[in-house]
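Containing mmCIF, C-alpha atoms: upload-v1.cif.
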```cif
data_my_file
#
loop_
_atom_site.label_atom_id
_atom_site.label_comp_id
_atom_site.auth_asym_id
_atom_site.auth_seq_id
_atom_site.Cartn_x
_atom_site.Cartn_y
_atom_site.Cartn_z
CA MET A 27 124.36 201.11 101.15
CA LYS A 28 125.88 198.36 103.31
CA ARG A 29 122.49 197.87 104.88
CA LEU A 30 120.89 197.32 101.44
CA TYR A 31 123.51 194.70 100.55
CA LEU A 32 122.95 192.96 103.87
CA ILE A 33 119.19 192.85 103.30
CA ILE A 34 119.64 191.50 99.76
CA TYR A 35 122.13 188.89 101.01
CA ILE A 36 119.72 187.71 103.73
CA MET A 37 116.82 187.51 101.25
CA VAL A 38 118.92 185.45 98.80
CA ALA A 39 120.05 183.13 101.60
CA ILE A 40 116.46 182.59 102.76
CA GLY A 41 115.35 182.01 99.17
CA CYS A 42 118.06 179.40 98.66
CA CYS A 43 116.98 177.61 101.84
CA PHE A 44 113.37 177.46 100.69
CA ALA A 45 114.38 176.32 97.22
CA SER A 46 116.61 173.51 98.47
CA CYS A 47 114.39 172.33 101.29
CA GLY A 48 111.53 170.01 100.65
CA SER A 49 111.80 169.12 96.98
CA ASN A 50 112.15 165.32 97.32
CA ASP A 51 110.29 165.02 100.61
CA VAL A 52 107.13 166.67 99.28
CA THR A 53 107.38 164.51 96.20
CA ALA A 54 107.69 161.35 98.32
CA GLY A 55 104.66 162.33 100.37
CA SER A 56 102.55 163.34 97.39
CA ALA A 57 103.51 160.13 95.57
CA ALA A 58 102.37 158.02 98.54
CA VAL A 59 99.09 159.96 98.69
CA ALA A 60 98.59 159.48 94.93
CA TYR A 61 99.11 155.71 95.18
CA TYR A 62 96.56 155.41 97.98
CA GLU A 63 94.12 157.66 96.11
CA ALA A 64 94.43 155.24 93.19
CA LEU A 65 93.53 152.45 95.62
CA ILE A 66 90.47 154.44 96.73
CA ASP A 67 89.47 154.87 93.08
CA SER A 68 89.82 151.08 92.53
CA ASP A 69 92.76 151.67 90.18
CA TYR A 70 94.68 148.63 91.39
CA VAL A 71 97.07 148.72 88.43
CA ALA A 72 98.22 152.25 89.36
CA PHE A 73 98.65 151.18 92.99
CA ALA A 74 100.68 148.12 91.93
CA ASP A 75 102.73 150.29 89.56
CA GLY A 76 103.72 152.33 92.60
CA MET A 77 105.61 149.38 94.07
CA ALA A 78 109.41 149.33 94.01
CA GLY A 79 111.40 146.50 92.48
CA LYS A 80 109.25 145.91 89.43
CA LYS A 81 112.08 146.40 86.94
CA GLY A 82 112.52 143.17 85.05
CA MET A 83 109.57 141.62 86.84
CA PRO A 84 107.62 139.08 84.77
CA LYS A 85 104.10 140.16 83.81
CA GLU A 86 102.66 137.34 85.92
CA TYR A 87 104.24 138.83 89.06
CA HIS A 88 102.87 142.28 88.22
CA ASP A 89 99.43 140.74 87.74
CA GLN A 90 99.76 139.14 91.18
CA PHE A 91 100.59 142.56 92.67
CA VAL A 92 97.40 143.91 91.09
CA LEU A 93 95.35 141.05 92.58
CA LEU A 94 96.97 141.56 96.01
CA SER A 95 96.18 145.29 95.80
CA LYS A 96 92.55 144.50 95.06
CA ALA A 97 92.41 141.96 97.91
CA PHE A 98 93.95 144.52 100.29
CA ALA A 99 91.36 147.15 99.30
CA GLU A 100 88.50 144.68 99.66
CA LYS A 101 89.74 143.65 103.12
CA GLN A 102 89.96 147.29 104.22
CA ASN A 103 86.49 147.98 102.83
CA ALA A 104 85.04 144.95 104.62
CA GLU A 105 86.61 145.90 107.96
CA HIS A 106 85.76 149.61 107.87
CA ASN A 107 82.91 149.88 105.36
CA ARG A 108 84.99 151.80 102.78
CA LEU A 109 88.31 153.63 102.44
CA CYS A 110 87.25 157.14 101.49
CA GLY A 111 90.23 159.45 102.01
CA VAL A 112 93.94 159.77 102.58
CA LYS A 113 95.93 162.63 104.09
CA LEU A 114 99.67 163.22 104.40
CA LYS A 115 100.55 163.55 108.09
CA ARG A 116 104.35 163.76 108.14
CA TYR A 117 107.49 162.28 106.63
CA ASN A 118 111.12 161.50 107.37
CA LEU A 119 113.57 161.78 104.50
CA ASN A 120 117.01 160.19 104.16
CA LYS A 121 118.46 162.10 101.21
CA GLU A 122 121.74 160.18 101.28
CA GLU A 123 120.04 156.85 100.58
CA ASP A 124 117.01 158.18 98.63
CA LEU A 125 114.60 156.75 101.21
CA ALA A 126 111.58 158.24 102.93
CA ASN A 127 109.14 157.16 105.60
CA VAL A 128 105.76 158.69 104.82
CA PHE A 129 103.02 158.69 107.43
CA LEU A 130 99.50 158.78 105.99
CA GLU A 131 96.14 159.01 107.68
CA LEU A 132 93.60 156.72 106.08
CA CYS A 133 89.98 157.80 106.54
CA TYR A 134 87.13 155.33 106.36
CA SER A 135 83.43 155.93 105.84
CA ASP A 136 82.66 154.47 109.30
CA SER A 137 84.59 157.49 110.72
CA THR A 138 87.61 155.34 111.62
CA ARG A 139 91.00 156.93 111.04
CA GLU A 140 94.21 154.95 110.86
CA GLU A 141 97.78 156.17 110.58
CA VAL A 142 100.02 154.01 108.40
CA LEU A 143 103.71 154.11 107.56
CA VAL A 144 104.56 153.86 103.87
CA PRO A 145 108.29 153.30 103.27
CA MET A 146 109.32 154.90 99.98
CA VAL A 147 112.41 154.61 97.80
CA LEU A 148 113.56 156.83 94.93
CA GLU A 149 114.15 154.75 91.78
CA ASP A 150 114.97 156.49 88.50
CA ASP A 151 113.72 159.84 89.91
CA VAL A 152 110.33 158.31 90.84
CA TRP A 153 109.20 157.71 94.43
CA LEU A 154 107.89 154.16 94.84
CA MET A 155 106.51 152.18 97.77
CA LYS A 156 108.85 149.58 99.24
#
```
Would you give me this structure, written as C-alpha coordinates?
Amino acid sequence: MKRLYLIIYIMVAIGCCFASCGSNDVTAGSAAVAYYEALIDSDYVAFADGMAGKKGMPKEYHDQFVLLSKAFAEKQNAEHNRLCGVKLKRYNLNKEEDLANVFLELCYSDSTREEVLVPMVLEDDVWLMK
(Lines of atoms letter the chains of each structure in order from A and count residues from 1; the text may use other names and numbers.)
(Lines give C-alpha, C1' and ligand atoms only; values in the text may rest on other atoms or scores of the structure.)
Protein backbone atom coordinates (compact mmCIF):
# COMPACT_ATOMS: atom_id res chain seq x y z
CA MET A 1 0.00 0.00 0.00
CA LYS A 2 2.84 2.39 0.85
CA ARG A 3 4.37 1.60 -2.50
CA LEU A 4 1.14 2.59 -4.29
CA TYR A 5 1.03 5.92 -2.45
CA LEU A 6 4.66 6.56 -3.32
CA ILE A 7 4.02 5.86 -7.00
CA ILE A 8 0.96 8.14 -7.02
CA TYR A 9 2.92 10.88 -5.23
CA ILE A 10 5.76 10.68 -7.76
CA MET A 11 3.33 10.77 -10.70
CA VAL A 12 1.55 13.85 -9.27
CA ALA A 13 4.89 15.59 -8.67
CA ILE A 14 6.03 14.90 -12.23
CA GLY A 15 2.68 16.07 -13.58
CA CYS A 16 2.94 19.32 -11.62
CA CYS A 17 6.44 19.90 -13.01
CA PHE A 18 5.25 19.44 -16.58
CA ALA A 19 2.21 21.64 -16.01
CA SER A 20 4.22 24.50 -14.51
CA CYS A 21 7.18 24.33 -16.86
CA GLY A 22 7.06 25.94 -20.23
CA SER A 23 3.74 27.78 -20.32
CA ASN A 24 5.05 31.32 -20.91
CA ASP A 25 8.25 30.30 -22.68
CA VAL A 26 6.44 28.31 -25.37
CA THR A 27 4.03 31.18 -25.78
CA ALA A 28 6.89 33.66 -26.20
CA GLY A 29 8.52 31.45 -28.82
CA SER A 30 5.32 30.74 -30.70
CA ALA A 31 4.42 34.45 -30.64
CA ALA A 32 7.78 35.38 -32.18
CA VAL A 33 7.32 32.71 -34.85
CA ALA A 34 3.80 33.98 -35.58
CA TYR A 35 5.03 37.57 -36.02
CA TYR A 36 7.72 36.49 -38.47
CA GLU A 37 5.26 34.26 -40.32
CA ALA A 38 3.07 37.35 -40.73
CA LEU A 39 6.10 39.10 -42.22
CA ILE A 40 6.57 36.19 -44.65
CA ASP A 41 2.89 36.48 -45.62
CA SER A 42 3.35 40.24 -46.26
CA ASP A 43 1.02 41.03 -43.35
CA TYR A 44 3.03 44.04 -42.21
CA VAL A 45 0.22 45.31 -39.98
CA ALA A 46 0.26 42.07 -37.95
CA PHE A 47 4.05 42.25 -37.68
CA ALA A 48 3.87 45.88 -36.51
CA ASP A 49 1.09 44.97 -34.07
CA GLY A 50 3.55 42.54 -32.49
CA MET A 51 5.78 45.40 -31.36
CA ALA A 52 5.86 46.41 -27.69
CA GLY A 53 5.17 49.94 -26.54
CA LYS A 54 2.31 50.73 -28.87
CA LYS A 55 -0.14 51.62 -26.08
CA GLY A 56 -1.13 55.24 -26.53
CA MET A 57 0.91 55.49 -29.71
CA PRO A 58 -0.51 57.89 -32.31
CA LYS A 59 -1.83 56.25 -35.48
CA GLU A 60 0.89 57.97 -37.51
CA TYR A 61 3.59 56.18 -35.50
CA HIS A 62 1.86 52.83 -35.99
CA ASP A 63 1.67 53.52 -39.72
CA GLN A 64 5.42 54.22 -39.68
CA PHE A 65 6.01 50.86 -37.97
CA VAL A 66 4.03 49.20 -40.77
CA LEU A 67 6.14 50.97 -43.42
CA LEU A 68 9.37 50.03 -41.61
CA SER A 69 8.19 46.40 -41.45
CA LYS A 70 7.56 46.42 -45.19
CA ALA A 71 10.96 48.03 -45.86
CA PHE A 72 12.66 45.42 -43.64
CA ALA A 73 10.94 42.56 -45.52
CA GLU A 74 11.83 44.06 -48.90
CA LYS A 75 15.48 44.44 -47.84
CA GLN A 76 15.62 40.83 -46.67
CA ASN A 77 13.99 39.66 -49.90
CA ALA A 78 16.44 41.67 -52.00
CA GLU A 79 19.47 40.33 -50.14
CA HIS A 80 18.41 36.67 -50.03
CA ASN A 81 15.82 36.34 -52.81
CA ARG A 82 12.91 35.74 -50.40
CA LEU A 83 12.22 34.95 -46.74
CA CYS A 84 10.37 31.64 -46.92
CA GLY A 85 10.38 30.10 -43.44
CA VAL A 86 10.96 30.59 -39.75
CA LYS A 87 11.76 28.04 -37.06
CA LEU A 88 12.03 28.34 -33.28
CA LYS A 89 15.54 27.32 -32.23
CA ARG A 90 15.66 28.06 -28.49
CA TYR A 91 14.68 30.61 -25.87
CA ASN A 92 15.71 32.06 -22.53
CA LEU A 93 12.94 33.15 -20.19
CA ASN A 94 13.13 35.59 -17.27
CA LYS A 95 9.84 34.92 -15.49
CA GLU A 96 10.51 37.53 -12.79
CA GLU A 97 10.63 40.38 -15.30
CA ASP A 98 8.30 38.88 -17.97
CA LEU A 99 11.08 38.95 -20.57
CA ALA A 100 12.26 36.35 -23.06
CA ASN A 101 15.04 36.07 -25.60
CA VAL A 102 13.79 34.00 -28.51
CA PHE A 103 16.23 32.64 -31.07
CA LEU A 104 14.70 32.04 -34.50
CA GLU A 105 16.16 30.55 -37.64
CA LEU A 106 15.11 32.46 -40.73
CA CYS A 107 15.17 30.42 -43.94
CA TYR A 108 15.53 32.06 -47.33
CA SER A 109 14.76 30.71 -50.77
CA ASP A 110 18.45 30.99 -51.77
CA SER A 111 19.11 28.29 -49.09
CA THR A 112 20.63 30.83 -46.67
CA ARG A 113 19.77 30.34 -43.02
CA GLU A 114 20.21 33.04 -40.41
CA GLU A 115 19.74 32.87 -36.67
CA VAL A 116 18.26 36.01 -35.12
CA LEU A 117 17.55 37.05 -31.55
CA VAL A 118 14.07 38.45 -30.92
CA PRO A 119 13.76 40.06 -27.47
CA MET A 120 10.20 39.67 -26.18
CA VAL A 121 8.26 41.27 -23.34
CA LEU A 122 4.96 40.22 -21.76
CA GLU A 123 2.47 43.12 -21.83
CA ASP A 124 -1.11 42.53 -20.70
CA ASP A 125 -0.65 38.73 -21.02
CA VAL A 126 0.53 39.06 -24.66
CA TRP A 127 4.11 38.43 -25.78
CA LEU A 128 5.37 41.31 -27.92
CA MET A 129 8.67 42.06 -29.66
CA LYS A 130 10.83 44.70 -27.99
Report as a PyMOL selection string the residues that result from applying the PyMOL selection byres ((chain A and resi 58) around 10) to the structure here. chain A and resi 52-57+59-64+73+76+112-114+127-130+143-146+153-155
Got time to write the residues from that selection, C-alpha atoms, as a CSV table (one decimal), keeping the file's coordinate frame?
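Result saved to out.csv:
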```csv
chain,number,residue,atom,x,y,z
A,52,VAL,CA,107.1,166.7,99.3
A,53,THR,CA,107.4,164.5,96.2
A,54,ALA,CA,107.7,161.4,98.3
A,55,GLY,CA,104.7,162.3,100.4
A,56,SER,CA,102.6,163.3,97.4
A,57,ALA,CA,103.5,160.1,95.6
A,59,VAL,CA,99.1,160.0,98.7
A,60,ALA,CA,98.6,159.5,94.9
A,61,TYR,CA,99.1,155.7,95.2
A,62,TYR,CA,96.6,155.4,98.0
A,63,GLU,CA,94.1,157.7,96.1
A,64,ALA,CA,94.4,155.2,93.2
A,73,PHE,CA,98.6,151.2,93.0
A,76,GLY,CA,103.7,152.3,92.6
A,112,VAL,CA,93.9,159.8,102.6
A,113,LYS,CA,95.9,162.6,104.1
A,114,LEU,CA,99.7,163.2,104.4
A,127,ASN,CA,109.1,157.2,105.6
A,128,VAL,CA,105.8,158.7,104.8
A,129,PHE,CA,103.0,158.7,107.4
A,130,LEU,CA,99.5,158.8,106.0
A,143,LEU,CA,103.7,154.1,107.6
A,144,VAL,CA,104.6,153.9,103.9
A,145,PRO,CA,108.3,153.3,103.3
A,146,MET,CA,109.3,154.9,100.0
A,153,TRP,CA,109.2,157.7,94.4
A,154,LEU,CA,107.9,154.2,94.8
A,155,MET,CA,106.5,152.2,97.8
```
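The nearest approach to Leu125 in chain A among the residues A:Leu148, A:Val142, A:Ala104, A:Met77, with only C-alpha atoms taken into account, belongs to A:Leu148.
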Would you mind telling me which residue in A:Lys96, A:Leu65, A:Lys81, A:Arg116 lies nearest to Glu141 in chain A when using only C-alpha atoms?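 Checking each of A:Lys96, A:Leu65, A:Lys81, A:Arg116 against Glu141 in chain A, counting only C-alpha atoms, the winner is A:Arg116.
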Between CA of Gln102 in chain A and CA of Ser68 in chain A, measure the distance and give it in Å to one decimal. 12.3 Å
Would you kindly return, as JSON, numbers by chain, each protein, DNA or RNA residue with an atom no farther than 9 Å from any atom of Glu149 in chain A, considering all atoms listed in the file and excluding same-chain residues fewer than 6 positions away? {"A": [78, 79, 124]}
Find the distance between CA of Ala74 in chain A and CA of Asp89 in chain A and write it in Å to one decimal. 8.6 Å
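When CA of Asn120 in chain A is paired with CA of Lys80 in chain A, their separation reads 21.9 Å.
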Applying 9 Å and all atoms listed in the file, which residues near Tyr70 in chain A remain after dropping the ones on its own chain fewer than 6 positions away? List them as a PyMOL selection string. chain A and resi 64+91-96+99
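Distance check against Glu105 in chain A using only C-alpha atoms: of A:Asp136, A:Glu131, A:Glu123, A:Asp75, the minimum falls on A:Asp136.
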